[in-house]
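For reference, the structure discussed in these notes is given below.
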Amino acid sequence: MSLDSTWFTEPVDKTGTAFSLKLGPGRKLHEEQTPYQKIEIWDTATFGKLMTIDGCTMVSTFDNFLYHEMMSHPALNSHRDPKNVVVVGGGDCGTLREVLKHKGVKRATQVEIDERVTRLSEKYFPELCTANKDPRATLFFGDGIQWMKDAKPESIDVIIIDSTDPVGPAEGLFGLKFYRDCIKALRKDGLLVQQSESPLLHTELIREMHAAMRTAGFAQTHLVTFPQPVYPSGWWSASYARKTRGKLAARLAPAALKKLKTRYYNAETHRAAFAVPEFIKDALK
């Protein structure tokens, strides 16, 4: 938070950047320290409500659809028949909501370490939590690393790692041991997708993630990029890892995609998201 109390500002010393939003009349709506992190809810003038964790922007009313749609639909549309999906993290429940728009999904489990993220989302971001009571949904509150270690081998079709930055409780979700547990839990044609920060500011992290995924045994990796204004640089990414080689082409016809009622994702943005800039290609060689 900046010294000017009419603005929320998230400075990032490591990258020499900052992001600011003018606050609305409600200013700070909620603040609490959980056993894992500090959660704050802000009222902003143009982005609606904003959740921050340990001072970092997590989700806003205004632009969350970009992230939630691109963390879920490209993966589910690239898998031939996703029936069992696990979301690690994602406590605001927006990714879970998008996953369950796919009628072919029979089971979706959200594994979130901090239950308070979900309970506060139900209060301040209820539009993200509309699928929480879907009979196909399971909300599990506990350690995602241990959950994946205990998962039945070859039982999951798609794993979505919707985590915070690779620090604190989420740090272990970016490591080789965790990826090995994921590949064990995935079925033969299984797919993993993980948020992987800014392709512009965190290129080295992305390179390390893809190297670890391949070392863990994934046959191929790929990067998907999309806009996300509330995150550093405004340009975000998701890293894909697949147990078998093959094209990550859209399975669903444009007419079927329309039924998902998305605001950003469609057949064209699916193709565009998989276009890899030259500097990323160089980094991932």
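Just remember, in the structure tokens the first chain shown is A, the second B, etc., residues are 1-based per chain, and ligands are 1-based in the order shown.
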
| said: So that I can check the surroundings of Pro153 in chain A, please list as a count of residues only every protein, DNA and RNA residue that reaches within 8 Å of it, counting only C-alpha atoms and ignoring chain neighbours fewer than 3 positions away. | reply: 4

Sorted per-residue table, range 26-116 of chain A near range 127-141 of chain A, closest atoms and distance, 9 Å, only C-alpha atoms, as CSV:
```
residue,atom,partner,partner_atom,distance
A:Thr61,CA,A:Glu127,CA,8.9
A:Asp92,CA,A:Leu128,CA,6.8
A:Cys93,CA,A:Cys129,CA,5.4
A:Gly94,CA,A:Leu128,CA,4.6
A:Thr95,CA,A:Leu128,CA,8.2
A:Leu96,CA,A:Ala131,CA,7.1
A:Arg97,CA,A:Ala131,CA,5.1
A:Glu98,CA,A:Ala131,CA,8.5
A:Leu100,CA,A:Ala131,CA,7.0
A:Lys101,CA,A:Ala131,CA,8.8
A:Val105,CA,A:Arg136,CA,7.9
A:Lys106,CA,A:Arg136,CA,5.9
A:Arg107,CA,A:Arg136,CA,4.7
A:Ala108,CA,A:Ala137,CA,5.0
A:Thr109,CA,A:Thr138,CA,4.7
A:Gln110,CA,A:Leu139,CA,5.0
A:Val111,CA,A:Phe140,CA,4.9
A:Glu112,CA,A:Phe141,CA,4.9
A:Ile113,CA,A:Phe141,CA,5.2
A:Asp114,CA,A:Phe141,CA,6.5
A:Glu115,CA,A:Phe141,CA,5.8
```

Create the file for the chosen residues now, containing N, CA and C atoms and written as a CSV table (one decimal), in the first residue's frame.
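selection-v3.csv was written with the following content:
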```
chain,number,residue,atom,x,y,z
A,61,THR,N,-12.8,-8.1,-9.3
A,61,THR,CA,-14.0,-8.3,-10.0
A,61,THR,C,-14.0,-8.0,-11.5
A,92,ASP,N,-10.2,-18.9,-4.7
A,92,ASP,CA,-11.3,-18.0,-5.0
A,92,ASP,C,-12.4,-18.6,-5.8
A,93,CYS,N,-12.2,-19.9,-6.3
A,93,CYS,CA,-13.2,-20.7,-6.9
A,93,CYS,C,-13.5,-20.4,-8.4
A,94,GLY,N,-12.9,-19.3,-8.9
A,94,GLY,CA,-13.2,-19.0,-10.3
A,94,GLY,C,-12.8,-20.0,-11.3
A,95,THR,N,-11.6,-20.6,-11.1
A,95,THR,CA,-11.2,-21.7,-12.0
A,95,THR,C,-12.1,-22.9,-11.9
A,96,LEU,N,-12.5,-23.2,-10.7
A,96,LEU,CA,-13.4,-24.4,-10.5
A,96,LEU,C,-14.7,-24.1,-11.3
A,97,ARG,N,-15.2,-22.9,-11.2
A,97,ARG,CA,-16.4,-22.5,-11.9
A,97,ARG,C,-16.3,-22.7,-13.4
A,98,GLU,N,-15.2,-22.3,-14.0
A,98,GLU,CA,-15.0,-22.5,-15.4
A,98,GLU,C,-14.8,-24.0,-15.8
A,100,LEU,N,-16.2,-26.5,-14.4
A,100,LEU,CA,-17.5,-27.2,-14.4
A,100,LEU,C,-18.5,-26.7,-15.4
A,101,LYS,N,-18.1,-25.7,-16.2
A,101,LYS,CA,-18.9,-25.4,-17.4
A,101,LYS,C,-18.9,-26.5,-18.4
A,105,VAL,N,-17.1,-33.1,-17.7
A,105,VAL,CA,-16.3,-33.3,-16.5
A,105,VAL,C,-17.2,-34.0,-15.4
A,106,LYS,N,-16.8,-35.1,-14.9
A,106,LYS,CA,-17.6,-35.8,-13.9
A,106,LYS,C,-17.3,-35.5,-12.5
A,107,ARG,N,-16.0,-35.0,-12.3
A,107,ARG,CA,-15.6,-34.7,-11.0
A,107,ARG,C,-14.5,-33.7,-11.0
A,108,ALA,N,-14.6,-32.7,-10.2
A,108,ALA,CA,-13.7,-31.6,-10.1
A,108,ALA,C,-13.4,-31.3,-8.6
A,109,THR,N,-12.1,-31.5,-8.2
A,109,THR,CA,-11.7,-31.3,-6.8
A,109,THR,C,-10.8,-30.1,-6.7
A,110,GLN,N,-11.1,-29.2,-5.8
A,110,GLN,CA,-10.3,-28.1,-5.5
A,110,GLN,C,-9.5,-28.3,-4.2
A,111,VAL,N,-8.2,-28.3,-4.3
A,111,VAL,CA,-7.4,-28.5,-3.1
A,111,VAL,C,-6.7,-27.2,-2.7
A,112,GLU,N,-7.2,-26.5,-1.7
A,112,GLU,CA,-6.8,-25.2,-1.3
A,112,GLU,C,-6.3,-25.3,0.2
A,113,ILE,N,-5.1,-24.8,0.4
A,113,ILE,CA,-4.5,-24.9,1.7
A,113,ILE,C,-5.2,-24.0,2.8
A,114,ASP,N,-5.7,-22.8,2.3
A,114,ASP,CA,-6.2,-21.8,3.2
A,114,ASP,C,-7.7,-21.7,3.0
A,115,GLU,N,-8.5,-22.2,3.9
A,115,GLU,CA,-10.0,-22.2,3.7
A,115,GLU,C,-10.5,-20.8,3.7
```

| message | With DSSP run on the backbone, what are the strand (DSSP E) residues within range 19-158 of chain A? I'd like them as a ChimeraX atom specification. | response | /A:19-33,38-44,49-53,56-60,84-89,107-112,137-141,156-158

| request: Name all residues at most 10 Å from Ala18 in chain A (count only C-alpha atoms; drop same-chain ones fewer than 2 positions away) and give them as a PyMOL selection string. | output: chain A and resi 9-13+15-16+20+231-233

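Of the listed residues (A:Ser163, A:Gln228, A:Gln194, A:Gln33), A:Gln228 comes nearest to Ser60 in chain A; the distances count only C-alpha atoms.
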
At a cut-off of 12 Å, can you tabulate as a tab-separated table every residue of range 36-122 of chain A near range 22-30 of chain A together with its closest atom pair and the distance in Å to one decimal, using only C-alpha atoms and ordering rows by chain then number?
```
residue	atom	partner	partner_atom	distance
A:Lys38	CA	A:His30	CA	10.6
A:Ile39	CA	A:His30	CA	7.9
A:Glu40	CA	A:His30	CA	5.5
A:Ile41	CA	A:His30	CA	5.0
A:Trp42	CA	A:Lys28	CA	4.5
A:Asp43	CA	A:Arg27	CA	5.0
A:Thr44	CA	A:Leu23	CA	4.0
A:Ala45	CA	A:Gly24	CA	4.3
A:Thr46	CA	A:Lys22	CA	7.4
A:Phe47	CA	A:Lys22	CA	8.9
A:Gly48	CA	A:Gly24	CA	8.3
A:Lys49	CA	A:Leu29	CA	8.8
A:Leu50	CA	A:Lys28	CA	9.5
A:Met51	CA	A:His30	CA	9.3
A:Thr52	CA	A:His30	CA	10.4
A:Ile53	CA	A:His30	CA	11.8
A:Arg116	CA	A:His30	CA	11.9
A:Val117	CA	A:His30	CA	11.9
A:Leu120	CA	A:His30	CA	9.0
A:Ser121	CA	A:His30	CA	11.5
```

Create the file for the chosen residues now, containing C-alpha atoms and written as a PDB file, in the first residue's frame.
```pdb
ATOM      1  CA  LYS A  38      -2.447 -11.970   5.248  1.00  0.00           C
ATOM      2  CA  ILE A  39      -5.653 -11.495   3.235  1.00  0.00           C
ATOM      3  CA  GLU A  40      -7.117  -8.082   2.447  1.00  0.00           C
ATOM      4  CA  ILE A  41     -10.204  -7.072   0.460  1.00  0.00           C
ATOM      5  CA  TRP A  42     -10.261  -3.624  -1.113  1.00  0.00           C
ATOM      6  CA  ASP A  43     -12.942  -1.521  -2.742  1.00  0.00           C
ATOM      7  CA  THR A  44     -11.521   0.083  -5.913  1.00  0.00           C
ATOM      8  CA  ALA A  45     -12.911   2.829  -8.122  1.00  0.00           C
ATOM      9  CA  THR A  46     -12.670   0.986 -11.458  1.00  0.00           C
ATOM     10  CA  PHE A  47     -11.782  -2.696 -10.850  1.00  0.00           C
ATOM     11  CA  GLY A  48     -14.508  -3.491  -8.322  1.00  0.00           C
ATOM     12  CA  LYS A  49     -13.409  -5.542  -5.340  1.00  0.00           C
ATOM     13  CA  LEU A  50      -9.774  -6.600  -5.107  1.00  0.00           C
ATOM     14  CA  MET A  51      -8.308  -9.414  -3.018  1.00  0.00           C
ATOM     15  CA  THR A  52      -4.652  -9.233  -2.050  1.00  0.00           C
ATOM     16  CA  ILE A  53      -2.544 -11.827  -0.254  1.00  0.00           C
ATOM     17  CA  ARG A 116     -10.325 -18.504   4.492  1.00  0.00           C
ATOM     18  CA  VAL A 117      -9.542 -17.591   0.865  1.00  0.00           C
ATOM     19  CA  LEU A 120     -13.963 -14.666   1.883  1.00  0.00           C
ATOM     20  CA  SER A 121     -14.497 -15.243  -1.833  1.00  0.00           C
TER      21      SER A 121
END
```

| Which neighbours of Phe218 in chain A fall inside 9 Å, counting only C-alpha atoms, when residues of the same chain fewer than 2 positions from it are skipped, and could you give them as a VMD selection string? | chain A and resid 179 to 180 183 213 to 216 220 to 221 241 to 245

| If you run DSSP on the backbone, which residues of range 95-236 of chain A are alpha helix (DSSP H), as a PyMOL selection string? | chain A and resi 95-99+115-124+144-150+176-185+203-216

| task | Just give me the gap between CA of Leu252 in chain A and CA of Lys188 in chain A in Å, one decimal is fine. | result |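 CA of Lys188 in chain A lies at a distance of 20.8 Å from CA of Leu252 in chain A.
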
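Take CA of Phe125 in chain A and CA of Asp63 in chain A: the distance between them is 12.4 Å.
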
| request: For Gln195 in chain A, please output as a ChimeraX atom specification all residues within 9 Å (counting only C-alpha atoms; exclusion window: fewer than 2 positions along the same chain). | output: /A:71,160-165,193,197,236-239

Write to file, as a PDB file, in the first residue's frame, the residues of the selection just made, with N, CA and C atoms.
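Wrote it out as part.pdb, contents follow:
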```
ATOM      1  N   MET A  71      -6.860 -20.279 -17.629  1.00  0.00           N
ATOM      2  CA  MET A  71      -6.271 -21.347 -16.822  1.00  0.00           C
ATOM      3  C   MET A  71      -7.040 -22.658 -16.960  1.00  0.00           C
ATOM      4  N   ILE A 160      -4.755 -28.629 -12.727  1.00  0.00           N
ATOM      5  CA  ILE A 160      -4.574 -27.190 -12.891  1.00  0.00           C
ATOM      6  C   ILE A 160      -3.977 -26.640 -11.601  1.00  0.00           C
ATOM      7  N   ILE A 161      -2.767 -26.128 -11.685  1.00  0.00           N
ATOM      8  CA  ILE A 161      -2.101 -25.579 -10.498  1.00  0.00           C
ATOM      9  C   ILE A 161      -2.315 -24.061 -10.515  1.00  0.00           C
ATOM     10  N   ASP A 162      -3.342 -23.646  -9.807  1.00  0.00           N
ATOM     11  CA  ASP A 162      -3.763 -22.245  -9.754  1.00  0.00           C
ATOM     12  C   ASP A 162      -3.253 -21.664  -8.439  1.00  0.00           C
ATOM     13  N   SER A 163      -1.946 -21.453  -8.378  1.00  0.00           N
ATOM     14  CA  SER A 163      -1.303 -21.086  -7.121  1.00  0.00           C
ATOM     15  C   SER A 163      -0.894 -19.617  -7.111  1.00  0.00           C
ATOM     16  N   THR A 164      -0.488 -19.172  -5.925  1.00  0.00           N
ATOM     17  CA  THR A 164       0.120 -17.855  -5.795  1.00  0.00           C
ATOM     18  C   THR A 164       1.559 -17.929  -6.311  1.00  0.00           C
ATOM     19  N   ASP A 165       2.310 -16.849  -6.142  1.00  0.00           N
ATOM     20  CA  ASP A 165       3.704 -16.818  -6.576  1.00  0.00           C
ATOM     21  C   ASP A 165       4.506 -17.911  -5.867  1.00  0.00           C
ATOM     22  N   VAL A 193      -1.421 -28.069 -16.168  1.00  0.00           N
ATOM     23  CA  VAL A 193      -1.265 -26.653 -16.498  1.00  0.00           C
ATOM     24  C   VAL A 193      -1.017 -25.895 -15.200  1.00  0.00           C
ATOM     25  N   GLU A 197       3.598 -17.044 -14.072  1.00  0.00           N
ATOM     26  CA  GLU A 197       4.065 -15.664 -13.936  1.00  0.00           C
ATOM     27  C   GLU A 197       4.162 -14.934 -15.288  1.00  0.00           C
ATOM     28  N   TRP A 236       0.509 -12.396 -18.681  1.00  0.00           N
ATOM     29  CA  TRP A 236       0.688 -13.553 -17.810  1.00  0.00           C
ATOM     30  C   TRP A 236       0.815 -14.819 -18.635  1.00  0.00           C
ATOM     31  N   SER A 237       1.115 -15.925 -17.942  1.00  0.00           N
ATOM     32  CA  SER A 237       1.327 -17.167 -18.679  1.00  0.00           C
ATOM     33  C   SER A 237       0.875 -18.372 -17.873  1.00  0.00           C
ATOM     34  N   ALA A 238       0.661 -19.463 -18.600  1.00  0.00           N
ATOM     35  CA  ALA A 238       0.423 -20.773 -18.010  1.00  0.00           C
ATOM     36  C   ALA A 238       1.322 -21.764 -18.728  1.00  0.00           C
ATOM     37  N   SER A 239       1.964 -22.626 -17.967  1.00  0.00           N
ATOM     38  CA  SER A 239       2.851 -23.632 -18.551  1.00  0.00           C
ATOM     39  C   SER A 239       2.148 -24.979 -18.601  1.00  0.00           C
TER      40      SER A 239
END
```

| field | Proximity to Phe19 in chain A - best of A:Leu191, A:Val59, A:Val230, A:Met209, only C-alpha atoms | value |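 That would be A:Val230, the residue with the smallest distance to Phe19 in chain A.
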
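Coordinates place CA of Glu32 in chain A at a distance of 29.4 Å from CA of Met70 in chain A.
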